[in-house]
Every structure is written in C-alpha cells, then in structure tokens.
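protein18.cif, holding mmCIF, C-alpha atoms and all ligand atoms:
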```cif
data_query
#
loop_
_atom_site.label_atom_id
_atom_site.label_comp_id
_atom_site.auth_asym_id
_atom_site.auth_seq_id
_atom_site.Cartn_x
_atom_site.Cartn_y
_atom_site.Cartn_z
CA MET A 38 1.40 -97.35 54.81
CA LYS A 39 3.48 -100.16 53.35
CA PHE A 40 4.14 -99.89 49.58
CA LEU A 41 2.98 -96.25 49.65
CA ASP A 42 5.08 -94.36 52.17
CA GLU A 43 8.28 -95.43 50.45
CA TYR A 44 7.09 -93.59 47.33
CA ARG A 45 6.29 -90.47 49.37
CA ASP A 46 9.66 -90.29 51.10
CA PRO A 47 10.56 -86.55 51.19
CA THR A 48 14.28 -87.25 51.53
CA ALA A 49 14.32 -89.34 48.38
CA VAL A 50 12.22 -86.72 46.56
CA ARG A 51 14.65 -83.97 47.62
CA ARG A 52 17.57 -86.05 46.34
CA TYR A 53 15.94 -86.19 42.90
CA VAL A 54 15.14 -82.46 43.02
CA ARG A 55 18.85 -81.75 43.65
CA ALA A 56 19.86 -84.12 40.86
CA ILE A 57 17.44 -82.40 38.46
CA ALA A 58 18.89 -78.98 39.36
CA GLU A 59 22.42 -80.28 38.77
CA ILE A 60 21.75 -81.60 35.26
CA THR A 61 19.46 -78.82 33.98
CA THR A 62 21.30 -76.36 31.73
CA ARG A 63 18.45 -74.71 29.81
CA ASP A 64 14.65 -74.30 29.66
CA TRP A 65 12.63 -77.49 29.16
CA THR A 66 8.88 -78.06 28.94
CA ILE A 67 7.45 -81.42 29.95
CA MET A 68 3.86 -82.62 29.90
CA GLU A 69 2.41 -85.23 32.23
CA ILE A 70 -0.34 -86.99 30.33
CA CYS A 71 -2.50 -88.28 33.13
CA GLY A 72 -4.88 -86.34 35.35
CA GLY A 73 -3.92 -88.58 38.27
CA GLN A 74 -0.32 -87.41 37.87
CA THR A 75 -1.51 -83.79 37.63
CA HIS A 76 -3.30 -84.16 40.96
CA SER A 77 -0.17 -85.59 42.62
CA ILE A 78 1.98 -82.78 41.19
CA VAL A 79 -0.39 -80.06 42.39
CA LYS A 80 -1.29 -81.73 45.70
CA PHE A 81 2.33 -82.34 46.72
CA GLY A 82 3.64 -79.11 45.15
CA LEU A 83 6.18 -80.99 43.05
CA ASP A 84 6.23 -78.30 40.35
CA SER A 85 7.24 -75.71 42.95
CA LEU A 86 10.34 -77.78 43.84
CA LEU A 87 11.70 -77.75 40.32
CA PRO A 88 14.22 -75.26 38.91
CA ASP A 89 12.62 -72.25 37.16
CA LYS A 90 13.98 -73.56 33.89
CA ILE A 91 11.54 -76.47 33.96
CA THR A 92 7.88 -75.97 33.07
CA LEU A 93 5.33 -78.70 33.65
CA LEU A 94 2.25 -78.69 31.45
CA HIS A 95 -0.84 -80.72 32.24
CA GLY A 96 -2.11 -83.01 29.51
CA PRO A 97 -5.40 -84.44 28.27
CA GLY A 98 -5.32 -87.69 30.26
CA CYS A 99 -8.54 -87.29 32.23
CA PRO A 100 -11.24 -89.40 30.57
CA VAL A 101 -14.10 -87.49 32.16
CA CYS A 102 -12.64 -84.16 30.98
CA VAL A 103 -12.27 -85.19 27.35
CA THR A 104 -15.71 -86.79 26.98
CA PRO A 105 -17.40 -84.34 24.57
CA ALA A 106 -20.53 -82.43 25.49
CA GLU A 107 -22.16 -84.26 22.59
CA LEU A 108 -21.79 -87.60 24.39
CA ILE A 109 -23.08 -86.08 27.64
CA ASP A 110 -26.14 -84.80 25.77
CA LYS A 111 -26.66 -88.26 24.26
CA ALA A 112 -26.37 -89.79 27.76
CA ILE A 113 -28.92 -87.28 29.07
CA GLU A 114 -31.34 -88.03 26.24
CA ILE A 115 -31.10 -91.79 26.84
CA ALA A 116 -31.22 -91.50 30.65
CA SER A 117 -34.39 -89.38 30.43
CA ARG A 118 -36.36 -92.23 28.85
CA PRO A 119 -38.76 -93.95 31.28
CA GLU A 120 -37.80 -97.50 30.24
CA VAL A 121 -34.08 -96.90 30.87
CA ILE A 122 -31.89 -97.63 33.87
CA PHE A 123 -28.78 -95.56 33.11
CA CYS A 124 -25.57 -96.68 34.87
CA SER A 125 -22.51 -94.49 35.23
CA PHE A 126 -19.45 -93.99 37.36
CA GLY A 127 -20.07 -91.20 39.87
CA ASP A 128 -17.69 -88.66 38.38
CA MET A 129 -19.77 -88.36 35.18
CA MET A 130 -22.87 -87.23 37.05
CA ARG A 131 -22.00 -83.54 37.28
CA VAL A 132 -20.25 -83.09 33.95
CA PRO A 133 -22.22 -80.44 32.08
CA GLY A 134 -23.58 -81.13 28.62
CA THR A 135 -24.78 -78.20 26.58
CA GLY A 136 -27.76 -77.66 28.91
CA LYS A 137 -27.83 -79.86 31.98
CA ASP A 138 -26.05 -82.78 33.60
CA LEU A 139 -26.98 -86.36 34.52
CA LEU A 140 -27.54 -85.40 38.15
CA SER A 141 -30.31 -82.99 37.18
CA VAL A 142 -31.96 -85.77 35.13
CA LYS A 143 -31.79 -87.99 38.24
CA ALA A 144 -33.27 -85.19 40.36
CA ALA A 145 -36.13 -84.92 37.86
CA GLY A 146 -36.93 -88.63 38.31
CA GLY A 147 -34.61 -90.33 35.81
CA ASP A 148 -33.48 -93.79 36.90
CA ILE A 149 -29.74 -93.20 37.01
CA ARG A 150 -27.57 -95.50 39.11
CA MET A 151 -23.99 -94.89 40.16
CA VAL A 152 -22.06 -98.13 39.76
CA TYR A 153 -18.50 -99.19 40.59
CA SER A 154 -18.08 -101.72 37.80
CA PRO A 155 -19.64 -102.39 34.38
CA LEU A 156 -20.53 -105.83 35.73
CA ASP A 157 -22.92 -104.10 38.19
CA ALA A 158 -24.79 -102.86 35.13
CA VAL A 159 -24.89 -106.36 33.62
CA ARG A 160 -26.33 -107.65 36.90
CA LEU A 161 -28.99 -104.91 36.84
CA ALA A 162 -29.94 -105.97 33.31
CA ARG A 163 -30.38 -109.55 34.51
CA GLU A 164 -32.49 -108.43 37.48
CA ASN A 165 -34.66 -106.06 35.40
CA PRO A 166 -35.59 -107.93 32.22
CA HIS A 167 -38.36 -105.46 31.38
CA ARG A 168 -36.11 -102.38 31.53
CA GLN A 169 -33.32 -101.24 29.21
CA VAL A 170 -30.02 -101.01 31.08
CA VAL A 171 -27.36 -98.72 29.60
CA PHE A 172 -23.78 -98.42 30.85
CA PHE A 173 -21.78 -95.25 30.14
CA ALA A 174 -18.47 -96.75 29.03
CA ILE A 175 -15.91 -93.98 29.20
CA GLY A 176 -12.17 -94.04 29.76
CA PHE A 177 -8.76 -94.59 28.27
CA GLU A 178 -7.20 -97.97 27.53
CA THR A 179 -7.29 -98.71 31.28
CA THR A 180 -11.06 -99.22 31.54
CA ALA A 181 -11.68 -100.61 28.05
CA PRO A 182 -10.90 -104.28 28.89
CA ALA A 183 -13.40 -104.40 31.79
CA ASN A 184 -16.06 -102.71 29.67
CA ALA A 185 -15.38 -105.16 26.84
CA MET A 186 -15.75 -108.04 29.33
CA ALA A 187 -19.14 -106.70 30.40
CA VAL A 188 -20.42 -106.71 26.81
CA MET A 189 -18.99 -110.19 26.31
CA GLN A 190 -20.73 -111.42 29.43
CA ALA A 191 -24.03 -109.85 28.35
CA LYS A 192 -23.74 -111.60 24.98
CA GLN A 193 -22.91 -114.94 26.56
CA SER A 194 -25.90 -114.56 28.91
CA GLY A 195 -28.19 -113.75 25.99
CA LEU A 196 -29.18 -110.38 27.51
CA LYS A 197 -31.25 -108.33 25.07
CA ASN A 198 -31.76 -105.36 27.40
CA PHE A 199 -28.12 -104.30 27.94
CA THR A 200 -26.24 -101.71 25.88
CA VAL A 201 -23.20 -99.47 26.31
CA LEU A 202 -22.72 -95.82 25.40
CA VAL A 203 -19.08 -95.91 24.38
CA SER A 204 -16.66 -93.00 24.68
CA HIS A 205 -13.27 -94.67 24.89
CA VAL A 206 -10.19 -92.68 23.93
CA LEU A 207 -6.58 -93.66 23.23
CA VAL A 208 -3.42 -91.95 24.50
CA PRO A 209 -0.88 -92.30 21.63
CA PRO A 210 -2.99 -90.42 19.01
CA ALA A 211 -3.49 -87.59 21.54
CA ILE A 212 0.29 -87.32 22.04
CA GLU A 213 0.77 -87.25 18.27
CA ALA A 214 -1.91 -84.55 17.90
CA ILE A 215 -0.18 -82.38 20.54
CA LEU A 216 3.23 -82.86 18.94
CA SER A 217 1.87 -82.14 15.45
CA SER A 218 0.28 -78.86 16.52
CA PRO A 219 2.14 -75.80 15.12
CA ASP A 220 2.08 -74.14 18.56
CA ASN A 221 3.34 -77.17 20.45
CA ARG A 222 5.86 -76.44 23.21
CA VAL A 223 6.09 -79.91 24.77
CA GLN A 224 9.58 -81.40 24.60
CA GLY A 225 9.10 -84.52 26.69
CA PHE A 226 6.27 -86.60 28.13
CA LEU A 227 5.51 -88.53 31.27
CA ALA A 228 3.33 -91.38 29.98
CA ALA A 229 0.54 -92.70 32.18
CA GLY A 230 1.65 -95.79 34.08
CA HIS A 231 -1.76 -97.44 34.35
CA VAL A 232 -2.44 -97.12 30.61
CA CYS A 233 0.95 -98.69 29.91
CA ALA A 234 0.19 -101.49 32.40
CA VAL A 235 -2.54 -102.55 29.96
CA MET A 236 -0.99 -101.56 26.62
CA GLY A 237 2.75 -101.78 27.28
CA TYR A 238 4.81 -99.06 25.64
CA THR A 239 5.74 -100.31 22.18
CA GLU A 240 3.20 -97.87 20.63
CA TYR A 241 5.20 -94.96 22.04
CA GLU A 242 8.53 -95.99 20.53
CA PRO A 243 7.83 -94.75 16.98
CA ILE A 244 6.42 -91.49 18.41
CA ALA A 245 9.60 -90.84 20.44
CA GLU A 246 11.70 -91.51 17.38
CA GLN A 247 9.62 -89.55 14.85
CA PHE A 248 9.10 -86.43 17.00
CA ARG A 249 12.43 -86.66 18.87
CA VAL A 250 10.83 -86.53 22.32
CA PRO A 251 11.67 -88.57 25.39
CA ILE A 252 8.67 -90.46 26.79
CA VAL A 253 9.05 -91.80 30.32
CA VAL A 254 6.48 -94.30 31.62
CA THR A 255 5.70 -92.88 35.06
CA GLY A 256 3.66 -93.82 38.13
CA PHE A 257 1.55 -91.62 40.36
CA GLU A 258 3.30 -91.16 43.70
CA PRO A 259 5.59 -88.17 44.30
CA LEU A 260 8.76 -90.22 44.00
CA ASP A 261 7.52 -91.85 40.79
CA ILE A 262 6.80 -88.47 39.25
CA ILE A 263 9.99 -86.73 40.30
CA GLN A 264 11.98 -89.72 39.01
CA GLY A 265 10.05 -89.54 35.71
CA ILE A 266 10.89 -85.84 35.40
CA TYR A 267 14.56 -86.52 36.18
CA LEU A 268 14.80 -89.22 33.51
CA CYS A 269 13.03 -87.00 30.99
CA ILE A 270 15.37 -84.03 31.64
CA LYS A 271 18.39 -86.32 31.55
CA GLN A 272 17.40 -87.59 28.10
CA LEU A 273 16.78 -84.05 26.84
CA GLU A 274 20.12 -82.82 28.15
CA GLU A 275 21.86 -85.82 26.56
CA LYS A 276 19.88 -85.39 23.29
CA ARG A 277 18.37 -88.85 23.61
CA PHE A 278 14.77 -89.43 22.56
CA GLU A 279 13.67 -92.81 23.84
CA VAL A 280 10.90 -94.53 25.72
CA GLU A 281 12.06 -95.30 29.24
CA ASN A 282 10.16 -97.27 31.87
CA ALA A 283 10.28 -95.69 35.33
CA TYR A 284 7.31 -97.75 36.53
CA SER A 285 8.73 -101.23 36.13
CA ARG A 286 7.07 -102.48 39.31
CA VAL A 287 3.80 -102.40 37.32
CA VAL A 288 4.60 -102.01 33.61
CA ASN A 289 6.42 -104.18 31.11
CA ARG A 290 7.09 -103.43 27.44
CA GLU A 291 4.37 -105.69 26.05
CA GLY A 292 1.64 -104.90 28.59
CA ASN A 293 -1.23 -107.20 29.47
CA ARG A 294 -1.77 -109.37 26.40
CA THR A 295 -5.00 -110.91 27.73
CA ALA A 296 -6.56 -107.48 28.29
CA GLN A 297 -5.41 -106.33 24.83
CA ARG A 298 -6.96 -109.45 23.24
CA VAL A 299 -10.32 -108.82 24.94
CA MET A 300 -10.26 -105.19 23.77
CA GLY A 301 -9.34 -106.27 20.25
CA ASP A 302 -12.19 -108.81 20.14
CA LEU A 303 -14.85 -106.22 21.02
CA PHE A 304 -13.59 -102.84 19.84
CA ARG A 305 -12.32 -101.25 16.65
CA VAL A 306 -10.35 -98.03 16.34
CA VAL A 307 -12.53 -95.05 15.36
CA ASN A 308 -12.18 -91.28 15.00
CA ARG A 309 -13.18 -89.67 18.28
CA LYS A 310 -14.14 -86.14 19.32
CA TRP A 311 -12.28 -84.82 22.42
CA ARG A 312 -13.95 -82.18 24.53
CA GLY A 313 -12.54 -78.74 23.79
CA ILE A 314 -10.05 -80.20 21.32
CA GLY A 315 -12.15 -81.56 18.46
CA GLU A 316 -11.90 -84.74 16.46
CA ILE A 317 -8.61 -86.65 16.51
CA PRO A 318 -8.34 -89.33 13.82
CA ALA A 319 -8.13 -92.94 15.04
CA SER A 320 -8.13 -91.79 18.67
CA GLY A 321 -11.00 -93.80 20.11
CA LEU A 322 -12.64 -97.18 20.36
CA GLY A 323 -16.10 -98.16 19.14
CA LEU A 324 -17.91 -101.48 19.17
CA LYS A 325 -17.20 -103.82 16.29
CA GLU A 326 -19.98 -104.54 13.80
CA GLU A 327 -20.71 -107.97 15.33
CA TYR A 328 -21.48 -106.28 18.68
CA LYS A 329 -23.61 -103.44 17.34
CA GLU A 330 -26.72 -104.83 19.08
CA PHE A 331 -25.03 -103.59 22.29
CA ASP A 332 -24.50 -100.06 20.98
CA ALA A 333 -26.75 -97.66 22.92
CA GLU A 334 -26.34 -94.92 20.28
CA LEU A 335 -27.93 -97.21 17.69
CA ARG A 336 -30.58 -98.67 19.96
CA PHE A 337 -31.84 -95.26 21.09
CA GLY A 338 -31.33 -93.44 17.77
CA VAL A 339 -28.91 -90.77 19.05
CA ALA A 340 -25.90 -91.59 16.84
CA GLY A 341 -26.40 -88.57 14.57
CA LYS A 342 -26.79 -86.00 17.36
CA LYS A 343 -24.38 -83.05 17.00
CA VAL A 344 -23.92 -80.13 19.40
CA GLU A 345 -21.64 -77.11 19.71
CA GLU A 346 -19.25 -76.96 22.68
CA ALA A 347 -19.56 -74.00 25.08
CA THR A 348 -17.07 -71.27 24.20
CA GLU A 349 -16.69 -69.81 27.69
CA CYS A 350 -14.68 -72.78 28.99
CA ILE A 351 -11.04 -72.86 27.88
CA SER A 352 -10.43 -76.44 29.03
CA GLY A 353 -9.41 -77.40 25.49
CA LEU A 354 -6.41 -75.06 25.80
CA ILE A 355 -5.67 -76.41 29.29
CA LEU A 356 -5.85 -80.03 28.10
CA ARG A 357 -3.35 -79.24 25.33
CA GLY A 358 -0.98 -77.56 27.76
CA MET A 359 -1.43 -74.08 26.30
CA LYS A 360 -3.05 -72.52 29.39
CA LYS A 361 -3.36 -73.25 33.08
CA PRO A 362 -6.55 -72.96 35.17
CA PRO A 363 -5.74 -69.54 36.67
CA ASP A 364 -5.55 -68.22 33.10
CA CYS A 365 -9.29 -68.88 32.72
CA PRO A 366 -11.41 -65.79 33.58
CA ALA A 367 -14.11 -68.06 35.03
CA TYR A 368 -11.74 -70.01 37.31
CA GLY A 369 -12.87 -69.85 40.94
CA THR A 370 -15.50 -67.21 40.17
CA LYS A 371 -18.16 -68.30 37.68
CA CYS A 372 -16.69 -71.81 37.63
CA THR A 373 -16.25 -73.83 40.84
CA PRO A 374 -16.72 -77.52 41.68
CA GLU A 375 -20.21 -76.63 42.99
CA HIS A 376 -21.10 -74.80 39.76
CA PRO A 377 -18.77 -76.16 37.09
CA LEU A 378 -18.77 -74.70 33.60
CA GLY A 379 -16.43 -77.37 32.27
CA ALA A 380 -15.56 -80.99 32.91
CA THR A 381 -12.03 -80.22 34.12
CA MET A 382 -13.58 -78.55 37.19
CA VAL A 383 -15.74 -81.62 37.95
CA SER A 384 -13.60 -84.67 37.53
CA SER A 385 -11.49 -86.02 40.37
CA GLU A 386 -8.66 -86.04 37.80
CA GLY A 387 -9.44 -82.65 36.26
CA THR A 388 -6.72 -79.99 36.20
CA CYS A 389 -9.05 -77.13 37.21
CA ALA A 390 -10.36 -79.22 40.12
CA ALA A 391 -6.78 -79.98 41.21
CA TYR A 392 -5.82 -76.29 41.25
CA TYR A 393 -9.05 -75.35 42.98
CA SER A 394 -8.65 -78.06 45.65
CA TYR A 395 -5.00 -77.50 46.48
CA ARG A 396 -4.08 -73.98 45.38
CA ARG A 397 -7.21 -71.88 45.72
CA LEU A 398 -6.29 -70.40 49.07
CA ALA A 399 -2.57 -70.37 48.49
CA PRO A 400 -0.93 -67.62 46.45
CA LEU A 401 -0.99 -68.83 42.88
CA GLY A 402 2.38 -69.18 41.25
CA LYS A 403 3.12 -67.51 37.98
CA SER A 404 0.45 -68.64 35.55
CA GLU A 405 1.50 -69.97 32.21
CA SER A 406 0.58 -66.90 30.23
CA GLN A 407 2.45 -64.69 32.74
CA ARG A 408 5.48 -66.92 32.38
CA GLN A 409 5.34 -66.55 28.61
CA LYS A 410 4.86 -62.80 28.86
CA ASN A 411 7.77 -62.42 31.23
CA GLY A 412 9.91 -64.70 29.11
S1 LIG A 501 -12.07 -72.99 35.25
FE1 LIG A 501 -14.04 -73.85 34.53
S2 LIG A 501 -14.54 -72.65 32.69
FE2 LIG A 501 -12.35 -72.34 33.11
S3 LIG A 501 -11.31 -73.91 31.91
FE3 LIG A 501 -11.62 -74.79 33.96
S4 LIG A 501 -13.56 -75.92 33.76
FE4 LIG A 501 -13.47 -74.52 32.00
#
```
Let's see the structure in the file written out as structure tokens.
Ligand code: SF4
Amino acid sequence: MKFLDEYRDPTAVRRYVRAIAEITTRDWTIMEICGGQTHSIVKFGLDSLLPDKITLLHGPGCPVCVTPAELIDKAIEIASRPEVIFCSFGDMMRVPGTGKDLLSVKAAGGDIRMVYSPLDAVRLARENPHRQVVFFAIGFETTAPANAMAVMQAKQSGLKNFTVLVSHVLVPPAIEAILSSPDNRVQGFLAAGHVCAVMGYTEYEPIAEQFRVPIVVTGFEPLDIIQGIYLCIKQLEEKRFEVENAYSRVVNREGNRTAQRVMGDLFRVVNRKWRGIGEIPASGLGLKEEYKEFDAELRFGVAGKKVEEATECISGLILRGMKKPPDCPAYGTKCTPEHPLGATMVSSEGTCAAYYSYRRLAPLGKSESQRQKNG
C-alpha cells in the first residue's frame, strides 16, 4: 500500500537494527509512550530484533487504559438513567469499573450508542430534544480539539440537552511523573507522533534538559519506531539530551496552532487521576467555568463520587514501565480480552491486549522481572 509499505520495509528496518547494534556500548532502557507504538513493537517483534543491552518499556499512552475506574463508574451511573442517551467510542464499552462495564448497562436496557465522532453525539442531541445526550470525552491531546469543537457547536446551536463527561489527559506531566519517581529506570523516550502533531514538541524541551533524557518524536510504523530507537540510543551514547523529530512528515515544532487555540478556549488544565497510577498534578483537561453547563458530572451530580481501584490488576505498574504483562499472575488466565480484569487488556492500544494478541501462543521472552533478577 502506497505511503505504508515504505515504512514497513524489512530491509530498511534491518539496516537500522544493524546500526543500533554498532553504536550500542552499554545497557539502555527506553520507553515508548504511546499504546499504538506498543502494538507495533509487539506485533512486528521489533523488541526481539534489538541487542540484549536495550530494554523497551511500555508507557502510559493509552487513553482508555488510564481512564480511572471512578470515571467508568460515573459513566455507568449516568448511562443507567432512563432520560439519557450515552455516547461513547467502542473501546470504552468493555472497560471494567469497580463493578460492571458500559456494555452490561446496555445489555440491561441502557440507551448507550457507539459513535465515531463527538459530532455524532451533537447530532443525536439535536434529533432527540427530550432526551439528555452525554458524550464520553476521553483521550490525550489528540482527541481534545474535536471534543472541544463539539461543545462549541452545541453552544452555538443553543443545545440544552448535550453534555460531556471529560477525562482528557496530557502527556508531558506523565513523562515528568515517571522521571520523578525514585524507582524510575527510563533513560530515553519515544514521544507519541500524533500527540505532537497537535501540540508540537516545545513542551518536551525543558523536560529533556531538566531530566537529561533524549526524547524522540516518533511515528507508528516499524521503520518509524526503529529509527526513533536508533536516534534515542545515539543521543544516549553521545551524552546528548535533546528533543529530536523523527516524524517530520507529520509533526512540526509548533504543532497545530488552530487546534491548540480551540482546546485553550474550552479547556483548563486540572489535576487528573490516572488508572492504577493515582493523581498527577496538572495532568488533565477540564471544561472552563464558562462551559460548565456542558459538564455531565455537574448536571448529573456525580462530581463527588470516589471509588477504590481494584488491587488485583497491576496495570499501574505496567503503565509506568515497572512490569510487563506476563509478570501479572492474572495474565491469560483470570484476565483475557473476553473477561478483562483491567483496562489494558481491553483497549485496542492496551499493552496486555497487545501481548495477548501477538505473543500468547508464542514462547514469551524473558519478562521484565526475570530480566532484573538475572541482571
Ligand atoms: S493482565 Fe489483566 S489483571 Fe493483569 S495487569 Fe493486565 S489488565 Fe490488569
């Protein structure tokens, strides 16, 4: 396929693998932020091509996976109300809250619609003036502009029956939280190309400088990822700690100013809870005061709801790069995509789902804890 095959060229990938082996002199640990990158790495076996000295850790960049159980429970409470049409992207349907998931609410008669765009939800609000239409607005900086546009459109149309349940999260504070952790092992990052397409990469420059870590803006195809790893290792070996753009066909330094302006008009930065990780200061987006009439948490009185996360699932450790799925006792036994205990086994970008899809039947490589044990 044009524009795709060239980034899956095995010869070019092998050239980079050889170049990585030539420049690597010691152990390095790199984290890819985005779940889409994790899936490419696991699907194409890119980690197995790398020298033993290089460890790839999988980061928290799957929006479904980091949406806290608390928000899922709020969604379930709202979606269970008879006057509500609850709209969500499909991959949120099976994410477990503390008790059930949205799919079970739908099975019990809840009016839950899977939509492909927030504007579908705005249209439903127009078509159903006597119902309350709620859109589950989750995601990183990538989906925030479209969700902001939907609220803007609802306001311009004078819709009084449209609200959003917001769970937007931001990448740079998550990177800072990982790097600030006393048990951090990450020495370099592959930043998520699509997030940087919206936000640019100026926010990452002070992080690279302060924590002395290379950050390489990276795409999602095998060649993109192997090139990102090469550039990251090269910087580490040369003791350089900069932000480098390996995805220049999509990303520029400033990002999409129009999208940023729309986000800035609607959202403010708030503290946000991450599933399995806890609250990270200034790591999320919430509606600004002047748009609070569109806030589903306020309209349906669920803002104060607090719940405890399940302790059986270790996805918080996986999302911080401290464990890998095979390290979880429930992986592939009590927890499968059909019966998930955690969000990382549900989402199409989840690390546990990636391992289960592509590695379940293959012999598993050394798991992270084994690696550590064996030195
Ligand atoms: S395998 Fe299941 S229980 Fe274990 S960390 Fe992954 S999602 Fe959680």
Q.
Restricting the calculation to all atoms listed in the file: of A:Glu279, A:Val171, A:Asn293, A:Thr92, which residue gets closest to A:Ala158?
A. A:Val171
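Note that the spacing between atom CA of A:Ala58 and atom CA of A:Ala390 amounts to 29.3 Å.
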Rows by chain and residue number, chain A within 6 Å of ligand LIG 501 (chain A), shortest pair, only C-alpha atoms and all ligand atoms, as a tab-separated table:
```
residue	atom	partner	partner_atom	distance
A:Cys350	CA	A:LIG501	FE4	3.7
A:Ile351	CA	A:LIG501	S3	4.2
A:Ser352	CA	A:LIG501	S3	3.9
A:Pro362	CA	A:LIG501	S1	5.5
A:Cys365	CA	A:LIG501	FE2	4.6
A:Ala367	CA	A:LIG501	FE2	5.0
A:Tyr368	CA	A:LIG501	S1	3.6
A:Cys372	CA	A:LIG501	FE1	4.6
A:Pro377	CA	A:LIG501	FE1	5.9
A:Leu378	CA	A:LIG501	S2	4.8
A:Gly379	CA	A:LIG501	S4	3.5
A:Ala380	CA	A:LIG501	S4	5.5
A:Thr381	CA	A:LIG501	S4	4.6
A:Met382	CA	A:LIG501	S4	4.3
A:Cys389	CA	A:LIG501	FE3	4.8
```
Q) To one decimal place, how far is atom CA of A:Ile115 from atom CA of A:Arg336 in Å? A) 9.7 Å
Q. How many Å lie between atom CA of A:Leu161 and atom CA of A:Phe173, rounded to one decimal?
A. 13.8 Å
Q: Find the spatial neighbours of A:Cys99, counting all atoms listed in the file, within a cut-off of 7 Å - ignore same-chain residues fewer than 6 positions away - and output them as a ChimeraX atom specification.
A: /A:71-72,386-387
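Minimum atom-to-atom distances from A:Trp311, A:Tyr44, A:Tyr284, A:Phe257 to A:Gly73 were compared using only C-alpha atoms, and the lowest value belongs to A:Phe257.
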**Q.** Counting only C-alpha atoms, the option among A:Val103, A:Leu87, A:Ala214, A:Leu356 closest to A:Phe177
**A.** A:Val103
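Checking A:Lys197, A:Lys137, A:His95, A:His231 one by one against A:Thr179, counting only C-alpha atoms, you find the shortest gap at A:His231.
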**Q.** Distance query stretch 104-112 of chain A at most 9 Å, only C-alpha atoms, self and fewer than 5 positions along chain excluded, as number ranges by chain
**A.** A: 99, 117, 123, 129, 132-139, 173, 175-176, 202-206, 310-313, 315, 334, 339-340, 342-347, 380
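Residue nearest A:Val306, chosen from A:Ala187, A:Met236, A:Leu207, A:Leu227 and counting only C-alpha atoms: A:Leu207.
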Q: Could you pull out every residue with an atom within 7 Å of (8.8, -79.3, 28.3), file coordinates, counting only C-alpha atoms, and send them as an MDAnalysis selection string?
A: chainID A and resid 65:68 91:93 222:225
Q: Show which residues sit within 10 Å of A:Phe199, as number ranges by chain. Count only C-alpha atoms, and ignore same-chain residues fewer than 2 positions away.
A: A: 121-122, 158-163, 166, 168-172, 187-188, 191-192, 195-197, 201, 330-333
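Taking only C-alpha atoms into account, the polymer residues that have an atom no farther than 9 Å from (2.8, -99.5, 27.8) are A:Ala228, A:Ala229, A:Gly230, A:His231, A:Val232, A:Cys233, A:Ala234, A:Val235, A:Met236, A:Gly237, A:Tyr238, A:Thr239, A:Glu240, A:Tyr241, A:Val254, A:Asn282, A:Val288, A:Asn289, A:Arg290, A:Glu291, A:Gly292, A:Asn293.
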